[in-house]
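Data block for run-v5.cif (mmCIF, C-alpha atoms and all ligand atoms):
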```cif
data_protein
#
loop_
_atom_site.label_atom_id
_atom_site.label_comp_id
_atom_site.auth_asym_id
_atom_site.auth_seq_id
_atom_site.Cartn_x
_atom_site.Cartn_y
_atom_site.Cartn_z
CA MET X 7 0.96 14.53 -21.08
CA ASN X 8 3.65 13.64 -23.67
CA LEU X 9 4.07 9.96 -24.43
CA ASN X 10 7.48 8.81 -25.72
CA ARG X 11 7.92 5.51 -27.55
CA ARG X 12 8.50 3.54 -24.33
CA ASP X 13 5.44 5.04 -22.69
CA PHE X 14 3.43 4.41 -25.81
CA LEU X 15 4.33 0.72 -25.75
CA LYS X 16 3.34 0.50 -22.09
CA PHE X 17 0.18 2.45 -22.74
CA ALA X 18 -0.60 0.32 -25.79
CA GLY X 19 -0.02 -2.84 -23.74
CA ALA X 20 -2.53 -1.72 -21.15
CA THR X 21 -4.89 -0.52 -23.87
CA THR X 22 -4.63 -3.73 -25.82
CA ALA X 23 -5.38 -5.83 -22.79
CA THR X 24 -8.24 -3.64 -21.66
CA ALA X 25 -9.72 -3.54 -25.13
CA ALA X 26 -9.60 -7.31 -25.19
CA LEU X 27 -11.70 -7.28 -22.06
CA THR X 28 -14.39 -5.32 -23.83
CA SER X 29 -14.95 -8.12 -26.29
CA LEU X 30 -14.31 -11.24 -24.22
CA PRO X 31 -16.26 -12.84 -21.41
CA ILE X 32 -13.23 -12.81 -19.10
CA LYS X 33 -13.59 -11.07 -15.77
CA ALA X 34 -10.49 -9.08 -14.92
CA GLU X 35 -9.69 -7.36 -11.65
CA ALA X 36 -9.23 -4.03 -13.40
CA THR X 37 -9.21 -1.12 -11.00
CA GLU X 38 -10.33 1.77 -13.17
CA HIS X 39 -13.05 2.55 -10.64
CA PHE X 40 -10.82 2.27 -7.58
CA THR X 41 -12.16 4.61 -4.93
CA GLY X 42 -9.53 3.88 -2.32
CA HIS X 43 -9.36 1.73 0.77
CA PRO X 44 -9.11 4.44 3.42
CA ASP X 45 -7.13 2.31 5.88
CA ARG X 46 -4.65 0.94 3.37
CA LYS X 47 -1.08 0.81 4.55
CA GLY X 48 2.00 2.22 2.96
CA ILE X 49 5.73 2.72 3.45
CA LEU X 50 7.57 6.02 3.49
CA VAL X 51 11.18 5.59 2.34
CA ASP X 52 13.49 8.37 3.52
CA THR X 53 16.46 7.95 1.19
CA SER X 54 18.47 10.54 3.14
CA LEU X 55 18.88 8.00 5.95
CA CYS X 56 19.98 4.94 3.97
CA ILE X 57 23.64 3.88 4.34
CA GLY X 58 23.53 1.22 1.60
CA HIS X 59 27.16 0.07 1.63
CA ASN X 60 27.96 -2.44 4.38
CA CYS X 61 24.27 -2.90 4.99
CA ARG X 62 21.66 -3.98 2.38
CA ARG X 63 19.95 -5.79 5.23
CA CYS X 64 16.62 -5.07 3.56
CA GLU X 65 17.71 -7.13 0.54
CA PHE X 66 18.78 -10.09 2.68
CA ALA X 67 15.65 -9.94 4.86
CA CYS X 68 13.45 -9.86 1.77
CA ALA X 69 15.21 -12.90 0.33
CA LYS X 70 14.77 -14.85 3.56
CA GLU X 71 11.13 -13.89 4.02
CA ASN X 72 10.22 -14.82 0.46
CA TYR X 73 12.33 -18.01 0.19
CA LEU X 74 14.58 -16.46 -2.46
CA PRO X 75 18.30 -17.17 -2.92
CA THR X 76 20.60 -15.10 -0.71
CA PRO X 77 21.92 -12.10 -2.71
CA ASP X 78 25.22 -13.00 -4.44
CA LYS X 79 27.39 -10.25 -3.08
CA PRO X 80 27.88 -9.73 0.67
CA PRO X 81 27.06 -6.35 2.29
CA GLU X 82 30.72 -5.27 2.39
CA ASP X 83 31.22 -5.74 -1.37
CA ALA X 84 30.86 -2.22 -2.78
CA SER X 85 31.12 -3.47 -6.39
CA VAL X 86 27.41 -4.22 -6.19
CA PHE X 87 26.85 -0.49 -6.66
CA ASP X 88 28.93 -0.23 -9.83
CA GLN X 89 25.87 -0.99 -11.89
CA ARG X 90 22.30 0.22 -11.67
CA ARG X 91 20.43 -2.93 -10.69
CA ARG X 92 16.81 -3.78 -11.26
CA THR X 93 14.73 -6.38 -9.52
CA HIS X 94 14.58 -9.89 -10.98
CA PRO X 95 12.80 -13.18 -10.27
CA ASP X 96 15.28 -14.03 -7.49
CA GLN X 97 15.42 -10.59 -5.90
CA PHE X 98 12.33 -8.50 -5.19
CA THR X 99 14.20 -5.45 -3.91
CA VAL X 100 17.57 -3.83 -4.65
CA ILE X 101 19.50 -0.87 -3.28
CA ASN X 102 21.18 1.36 -5.86
CA ARG X 103 23.69 4.18 -5.36
CA PHE X 104 23.38 7.64 -6.92
CA PRO X 105 25.45 10.82 -6.74
CA GLY X 106 24.34 13.04 -3.85
CA ARG X 107 24.91 16.67 -3.02
CA SER X 108 28.64 16.04 -2.74
CA GLU X 109 30.98 13.23 -3.75
CA ASP X 110 31.21 11.83 -0.22
CA MET X 111 27.44 11.91 0.28
CA PRO X 112 25.93 9.45 -2.20
CA VAL X 113 22.23 8.68 -2.02
CA TYR X 114 21.10 5.07 -1.76
CA ALA X 115 17.61 4.28 -2.98
CA LYS X 116 15.65 1.10 -2.50
CA LYS X 117 13.67 -0.21 -5.44
CA GLN X 118 10.71 -2.59 -5.37
CA CYS X 119 7.09 -2.68 -6.51
CA MET X 120 5.39 0.62 -5.61
CA HIS X 121 2.05 -1.08 -4.90
CA CYS X 122 0.15 1.49 -6.93
CA ASP X 123 -3.31 2.60 -5.82
CA GLU X 124 -4.58 2.06 -9.35
CA PRO X 125 -2.13 -0.47 -10.74
CA ALA X 126 -1.47 -0.60 -14.46
CA CYS X 127 -0.44 -4.25 -14.05
CA ALA X 128 -3.91 -5.15 -12.72
CA SER X 129 -5.64 -3.18 -15.41
CA ALA X 130 -3.60 -4.85 -18.15
CA CYS X 131 -4.03 -8.39 -16.87
CA LEU X 132 -6.48 -10.40 -18.95
CA VAL X 133 -7.35 -12.85 -16.19
CA GLY X 134 -7.27 -10.72 -13.05
CA ALA X 135 -4.07 -12.17 -11.63
CA PHE X 136 -3.25 -8.86 -9.87
CA LYS X 137 -5.38 -7.33 -7.13
CA LYS X 138 -5.11 -4.22 -5.01
CA THR X 139 -6.01 -5.40 -1.52
CA PRO X 140 -7.70 -3.23 1.13
CA GLU X 141 -4.45 -3.52 3.13
CA GLY X 142 -2.55 -1.72 0.34
CA ALA X 143 -0.59 -4.51 -1.35
CA VAL X 144 -0.90 -5.38 -5.02
CA THR X 145 -0.90 -9.18 -4.98
CA TYR X 146 -0.34 -11.67 -7.79
CA ASP X 147 -2.03 -15.05 -8.23
CA ALA X 148 0.19 -17.39 -10.24
CA SER X 149 -2.56 -20.04 -10.45
CA VAL X 150 -4.61 -17.97 -12.92
CA CYS X 151 -1.72 -16.33 -14.82
CA ILE X 152 -1.56 -17.31 -18.52
CA GLY X 153 1.93 -15.88 -19.02
CA CYS X 154 0.93 -13.18 -21.53
CA ARG X 155 3.22 -10.69 -19.72
CA TYR X 156 1.05 -7.64 -20.48
CA CYS X 157 1.65 -6.64 -16.85
CA MET X 158 5.38 -6.27 -17.57
CA VAL X 159 4.69 -4.00 -20.52
CA ALA X 160 2.11 -1.95 -18.63
CA CYS X 161 4.01 -1.24 -15.38
CA PRO X 162 5.38 2.32 -15.44
CA PHE X 163 8.09 1.36 -12.93
CA ASP X 164 9.46 -1.69 -14.81
CA ILE X 165 8.82 -3.96 -11.87
CA PRO X 166 7.26 -7.31 -12.82
CA THR X 167 9.86 -9.83 -13.95
CA TYR X 168 9.34 -13.27 -15.43
CA GLU X 169 10.82 -16.67 -14.68
CA TYR X 170 12.08 -17.27 -18.23
CA ASN X 171 14.33 -20.03 -16.92
CA SER X 172 11.48 -22.03 -15.49
CA ALA X 173 10.35 -24.56 -18.10
CA LEU X 174 7.31 -25.90 -16.24
CA HIS X 175 5.36 -23.15 -14.53
CA PRO X 176 7.02 -19.78 -15.05
CA ARG X 177 5.61 -17.02 -12.86
CA VAL X 178 5.65 -13.26 -12.85
CA ARG X 179 7.67 -12.13 -9.81
CA LYS X 180 7.68 -8.92 -7.82
CA CYS X 181 7.68 -7.58 -4.25
CA THR X 182 4.73 -8.99 -2.32
CA PHE X 183 4.62 -6.28 0.39
CA CYS X 184 5.06 -9.44 2.51
CA PHE X 185 1.29 -9.68 2.24
CA GLU X 186 0.74 -13.29 3.31
CA THR X 187 3.24 -13.42 6.13
CA LYS X 188 3.13 -9.89 7.54
CA LEU X 189 0.84 -7.25 6.07
CA LYS X 190 -2.34 -9.32 6.30
CA GLU X 191 -1.85 -9.38 10.06
CA GLY X 192 -1.08 -5.68 10.21
CA LYS X 193 2.66 -6.27 10.62
CA ALA X 194 5.47 -4.34 8.92
CA PRO X 195 7.26 -6.11 6.04
CA ALA X 196 10.55 -7.92 6.63
CA CYS X 197 12.68 -5.26 4.93
CA VAL X 198 11.24 -2.54 7.16
CA GLU X 199 11.94 -4.54 10.31
CA ALA X 200 15.49 -5.36 9.24
CA CYS X 201 16.58 -1.81 8.54
CA PRO X 202 18.96 -0.49 11.24
CA ARG X 203 18.44 3.13 10.20
CA GLU X 204 14.64 3.26 10.14
CA VAL X 205 14.77 4.37 6.54
CA MET X 206 11.28 2.95 6.01
CA THR X 207 8.25 3.95 8.04
CA PHE X 208 5.29 1.61 7.92
CA GLY X 209 1.77 2.87 8.61
CA LYS X 210 -1.51 4.09 7.25
CA ARG X 211 -0.80 5.77 3.94
CA GLU X 212 -2.73 8.88 4.97
CA ASP X 213 -0.63 9.23 8.13
CA LEU X 214 2.60 8.71 6.24
CA ILE X 215 1.81 11.65 3.99
CA LYS X 216 1.45 13.81 7.12
CA VAL X 217 4.75 12.49 8.49
CA ALA X 218 6.46 13.23 5.17
CA ARG X 219 5.06 16.78 5.05
CA GLN X 220 6.28 17.42 8.60
CA LYS X 221 9.75 16.13 7.76
CA ILE X 222 9.96 18.43 4.76
CA ALA X 223 8.59 21.42 6.70
CA ARG X 224 11.03 20.91 9.58
CA ASN X 225 14.04 20.31 7.34
CA PRO X 226 13.50 22.33 4.16
CA ASP X 227 17.25 22.27 3.40
CA LYS X 228 17.46 18.53 3.77
CA TYR X 229 14.70 17.40 1.42
CA VAL X 230 13.37 18.17 -2.03
CA ASP X 231 9.87 19.57 -1.50
CA HIS X 232 8.04 16.61 -2.98
CA ILE X 233 6.66 13.28 -1.76
CA TYR X 234 7.27 10.87 -4.62
CA GLY X 235 4.31 8.53 -4.95
CA GLU X 236 1.76 10.77 -3.28
CA HIS X 237 0.26 11.60 -6.66
CA GLU X 238 2.40 9.87 -9.32
CA VAL X 239 0.24 7.65 -11.56
CA GLY X 240 -2.69 8.27 -9.21
CA GLY X 241 -0.72 7.50 -6.02
CA THR X 242 1.30 4.55 -4.73
CA SER X 243 1.51 2.77 -1.38
CA TRP X 244 5.30 3.12 -1.30
CA MET X 245 6.39 6.76 -1.19
CA TYR X 246 9.78 8.46 -1.10
CA LEU X 247 11.59 11.47 0.28
CA SER X 248 14.93 12.53 -1.18
CA PRO X 249 17.67 15.10 -0.58
CA VAL X 250 18.25 15.42 -4.36
CA PRO X 251 15.83 15.64 -7.32
CA PHE X 252 14.02 12.38 -7.87
CA ASP X 253 15.14 11.94 -11.46
CA SER X 254 18.73 11.84 -10.19
CA ILE X 255 17.94 8.80 -7.99
CA GLY X 256 16.45 6.79 -10.81
CA MET X 257 12.80 7.70 -10.29
CA ARG X 258 10.73 8.60 -13.31
CA THR X 259 9.43 12.14 -13.11
CA ASP X 260 7.60 12.08 -16.44
CA LEU X 261 4.73 9.84 -15.40
CA GLY X 262 2.12 12.43 -14.53
CA THR X 263 -0.59 12.00 -11.94
CA THR X 264 -3.29 10.32 -14.00
CA PRO X 265 -3.75 6.63 -13.14
CA TYR X 266 -2.70 4.51 -16.11
CA PRO X 267 -6.03 2.62 -16.16
CA GLU X 268 -7.81 5.96 -16.57
CA LEU X 269 -5.57 6.92 -19.49
CA THR X 270 -6.47 3.61 -21.06
CA ARG X 271 -10.18 4.17 -20.56
CA ASN X 272 -10.12 7.68 -22.02
CA TYR X 273 -8.12 6.48 -24.97
CA LEU X 274 -10.46 3.58 -25.63
CA SER X 275 -13.52 5.78 -25.69
CA ALA X 276 -11.94 7.70 -28.57
CA ALA X 277 -10.30 4.75 -30.30
CA PRO X 278 -11.56 3.46 -33.62
CA LEU X 279 -13.19 0.05 -33.76
CA VAL X 280 -10.04 -1.55 -35.10
CA MET X 281 -8.32 -0.97 -31.74
CA ALA X 282 -11.01 -3.02 -30.07
CA ILE X 283 -10.75 -5.80 -32.62
CA TRP X 284 -6.96 -6.21 -32.76
CA PRO X 285 -6.54 -7.23 -29.11
CA SER X 286 -9.17 -9.96 -29.43
CA PHE X 287 -7.38 -11.14 -32.52
CA PHE X 288 -4.06 -11.34 -30.69
CA LEU X 289 -5.59 -13.09 -27.70
CA THR X 290 -7.32 -15.62 -29.96
CA LEU X 291 -4.02 -16.19 -31.74
CA TYR X 292 -2.30 -16.64 -28.38
CA LEU X 293 -4.88 -19.17 -27.16
CA PHE X 294 -4.77 -20.97 -30.53
CA ASN X 295 -0.98 -21.28 -30.38
CA LYS X 296 -1.15 -22.45 -26.77
CA ARG X 297 -3.68 -25.16 -27.70
CA LYS X 298 -1.55 -26.15 -30.70
CA ASP X 299 1.49 -26.57 -28.42
CA GLN X 300 -0.60 -28.61 -26.01
CA ILE X 301 -1.86 -30.96 -28.77
CA ALA X 302 1.67 -31.32 -30.15
CA ALA X 303 2.95 -32.20 -26.66
CA GLU X 304 0.14 -34.74 -26.16
CA GLU X 305 0.78 -36.34 -29.57
CA ASN X 306 4.48 -36.44 -28.89
CA GLY X 307 3.73 -38.25 -25.64
CA LYS X 308 1.50 -40.78 -27.45
CA HIS X 309 4.20 -41.50 -30.06
CA LYS X 310 6.68 -42.16 -27.31
CA GLU X 311 4.26 -44.56 -25.58
CA GLU X 312 3.52 -46.41 -28.88
CA SER X 313 7.16 -46.82 -29.80
CA ALA X 314 8.08 -47.97 -26.29
S1 LIG F 1 18.49 -1.96 5.48
FE1 LIG F 1 17.94 0.24 5.57
S2 LIG F 1 19.90 1.35 5.73
FE2 LIG F 1 20.37 -0.75 5.11
S3 LIG F 1 20.45 -0.62 2.87
FE3 LIG F 1 18.36 -1.24 3.38
S4 LIG F 1 17.20 0.67 3.51
FE4 LIG F 1 19.37 1.22 3.58
S1 LIG F 2 4.71 -0.77 -9.58
FE1 LIG F 2 4.13 -1.91 -11.39
S2 LIG F 2 3.92 -4.03 -10.68
FE2 LIG F 2 3.84 -2.71 -8.86
S3 LIG F 2 1.65 -2.28 -8.56
FE3 LIG F 2 2.46 -0.59 -9.79
S4 LIG F 2 2.04 -1.25 -11.92
FE4 LIG F 2 1.87 -3.08 -10.62
S1 LIG F 3 7.87 -5.68 1.41
FE1 LIG F 3 8.52 -7.82 1.64
S2 LIG F 3 8.66 -8.53 -0.47
FE2 LIG F 3 8.63 -6.29 -0.58
S3 LIG F 3 10.77 -5.64 -0.58
FE3 LIG F 3 10.10 -5.66 1.55
S4 LIG F 3 10.65 -7.71 2.30
FE4 LIG F 3 10.69 -7.79 0.08
#
```
Go ahead and render the structure in this file as structure tokens.
Amino acid sequence: MNLNRRDFLKFAGATTATAALTSLPIKAEATEHFTGHPDRKGILVDTSLCIGHNCRRCEFACAKENYLPTPDKPPEDASVFDQRRRTHPDQFTVINRFPGRSEDMPVYAKKQCMHCDEPACASACLVGAFKKTPEGAVTYDASVCIGCRYCMVACPFDIPTYEYNSALHPRVRKCTFCFETKLKEGKAPACVEACPREVMTFGKREDLIKVARQKIARNPDKYVDHIYGEHEVGGTSWMYLSPVPFDSIGMRTDLGTTPYPELTRNYLSAAPLVMAIWPSFFLTLYLFNKRKDQIAAEENGKHKEESA
């Protein structure tokens, strides 16, 4: 597997964090030994069915379900597709437009967290803020997050975003798979329910793979012969079908099938001692700076009280 600079940084982020774990008494919810929850759910996204323009109901439903601001531009405003959008703290899913087989047949693709089977974000997190649940979602616990943002560096799909504008308690933000309100009770997420075209199929991941294979077999001219997410980075809960090659709808096709946590583990076993020491050094530095800021804030508060 070739690693370019961007991959290396992601890989190094995960490595750094995991190496730190080897020398610190912090328990992380790393999933290197994930053996799979056989009944975990997934979503199959059939991009050939999405109409995008004049719809984006999935975006609006997601915002409502997760108490996020309503998306700025209304469904009829096609200018939203002029740029390739990525998710951000106020929007956990976006629809982007890509050239299709002909000019009048664009392909619209939904983007959100892929809910990886062996998530790099969980592996990179120093405090175990991310967990792969038996239901299939990768959840995030803001109450333990220290804001190091290794998860953002580690994610191969560029999904976690950070509330830089929040001065008090900034959180990492990403699609929740509607875990608390829907998935936990076996229900389909809000975006799936809102879609008028049944672009997304919710079900047991294993069954969805069968459905996807059948679709491809029955319509070989309609789909590229590949289920994106079946094997990428060790498999993801969200999977895709497409009428055009996946790299032309903004999906990375250079990720390989090895789970990122496994890459990290293999690398660490061959890494020189210095690689195990540096991360601890950076974490210590981080904690030291955090404590320094805290003391400065406390002293500042005292000064204000004394001079009042
Ligand atoms: S609601 Fe369905 S058809 Fe509409 S944009 Fe979203 S995925 Fe596409
Ligand atoms: S897509 Fe990124 S944020 Fe989502 S589970 Fe995978 S590694 Fe984590
Ligand atoms: S699963 Fe829930 S949080 Fe994720 S994109 Fe759909 S509606 Fe949004």
May I have the residues within 9 Å of ligand LIG 3 (chain F), computed using all atoms listed in the file, as JSON, numbers by chain?
{"X": [49, 64, 65, 66, 67, 68, 69, 70, 71, 72, 97, 98, 99, 100, 116, 117, 118, 119, 143, 180, 181, 182, 183, 184, 185, 187, 188, 189, 194, 195, 196, 197, 198, 199, 200]}
Select the residues contacting ligand LIG 1 (chain F) at a distance of at most 7 Å, based on all atoms listed in the file, then format the selection as a PyMOL selection string.
chain X and resi 55-59+61-65+101+114+116+197+200-206
For ligand LIG 2 (chain F), which residue out of X:Phe87, X:Phe136, X:Phe252, X:Tyr229 is the nearest one, using only C-alpha atoms and all ligand atoms?
X:Phe136
Just the residues within 8 Å of Asp45 (chain X), please, counting all atoms listed in the file, with nothing from its chain fewer than 5 positions along; format it as a PyMOL selection string.
chain X and resi 140-141+210-212
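CA of Ile165 (chain X) sits 23.4 Å away from CA of Lys193 (chain X).
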Taking all atoms listed in the file into account, which residues have an atom no farther than 8 Å from ligand LIG 2 (chain F)? I'd like them as a ChimeraX atom specification.
/X:118-128,136,138,143-144,157-158,160-166,180-181,242
Could those residues be written to a file, using C-alpha atoms, as a PDB file, keeping the file's coordinate frame?
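Output contents, as saved in again_14.pdb:
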```
ATOM      1  CA  GLN X 118      10.710  -2.590  -5.370  1.00  0.00           C
ATOM      2  CA  CYS X 119       7.090  -2.680  -6.510  1.00  0.00           C
ATOM      3  CA  MET X 120       5.390   0.620  -5.610  1.00  0.00           C
ATOM      4  CA  HIS X 121       2.050  -1.080  -4.900  1.00  0.00           C
ATOM      5  CA  CYS X 122       0.150   1.490  -6.930  1.00  0.00           C
ATOM      6  CA  ASP X 123      -3.310   2.600  -5.820  1.00  0.00           C
ATOM      7  CA  GLU X 124      -4.580   2.060  -9.350  1.00  0.00           C
ATOM      8  CA  PRO X 125      -2.130  -0.470 -10.740  1.00  0.00           C
ATOM      9  CA  ALA X 126      -1.470  -0.600 -14.460  1.00  0.00           C
ATOM     10  CA  CYS X 127      -0.440  -4.250 -14.050  1.00  0.00           C
ATOM     11  CA  ALA X 128      -3.910  -5.150 -12.720  1.00  0.00           C
ATOM     12  CA  PHE X 136      -3.250  -8.860  -9.870  1.00  0.00           C
ATOM     13  CA  LYS X 138      -5.110  -4.220  -5.010  1.00  0.00           C
ATOM     14  CA  ALA X 143      -0.590  -4.510  -1.350  1.00  0.00           C
ATOM     15  CA  VAL X 144      -0.900  -5.380  -5.020  1.00  0.00           C
ATOM     16  CA  CYS X 157       1.650  -6.640 -16.850  1.00  0.00           C
ATOM     17  CA  MET X 158       5.380  -6.270 -17.570  1.00  0.00           C
ATOM     18  CA  ALA X 160       2.110  -1.950 -18.630  1.00  0.00           C
ATOM     19  CA  CYS X 161       4.010  -1.240 -15.380  1.00  0.00           C
ATOM     20  CA  PRO X 162       5.380   2.320 -15.440  1.00  0.00           C
ATOM     21  CA  PHE X 163       8.090   1.360 -12.930  1.00  0.00           C
ATOM     22  CA  ASP X 164       9.460  -1.690 -14.810  1.00  0.00           C
ATOM     23  CA  ILE X 165       8.820  -3.960 -11.870  1.00  0.00           C
ATOM     24  CA  PRO X 166       7.260  -7.310 -12.820  1.00  0.00           C
ATOM     25  CA  LYS X 180       7.680  -8.920  -7.820  1.00  0.00           C
ATOM     26  CA  CYS X 181       7.680  -7.580  -4.250  1.00  0.00           C
ATOM     27  CA  THR X 242       1.300   4.550  -4.730  1.00  0.00           C
TER      28      THR X 242
END
```
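CA of Ile152 (chain X) to CA of His94 (chain X) spans 19.3 Å [interatomic distance, one decimal].
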Atom pair CA of Pro267 (chain X) / CA of Trp244 (chain X): separation (Å)
18.7 Å
What lies within 10 Å of Arg155 (chain X) using all atoms listed in the file, ignoring chain neighbours under 6 positions off, as a ChimeraX atom specification?
/X:19,127,130-132,166-168,177-178
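Distance check against Thr207 (chain X) using all atoms listed in the file: of X:Leu247, X:Gly106, X:Val86, X:Pro80, the minimum falls on X:Leu247.
The smallest atom-to-atom distance between Asn225 (chain X) and any of X:Ser248, X:Ser254, X:Ser129, X:Ser243, using only C-alpha atoms, is found for X:Ser248.
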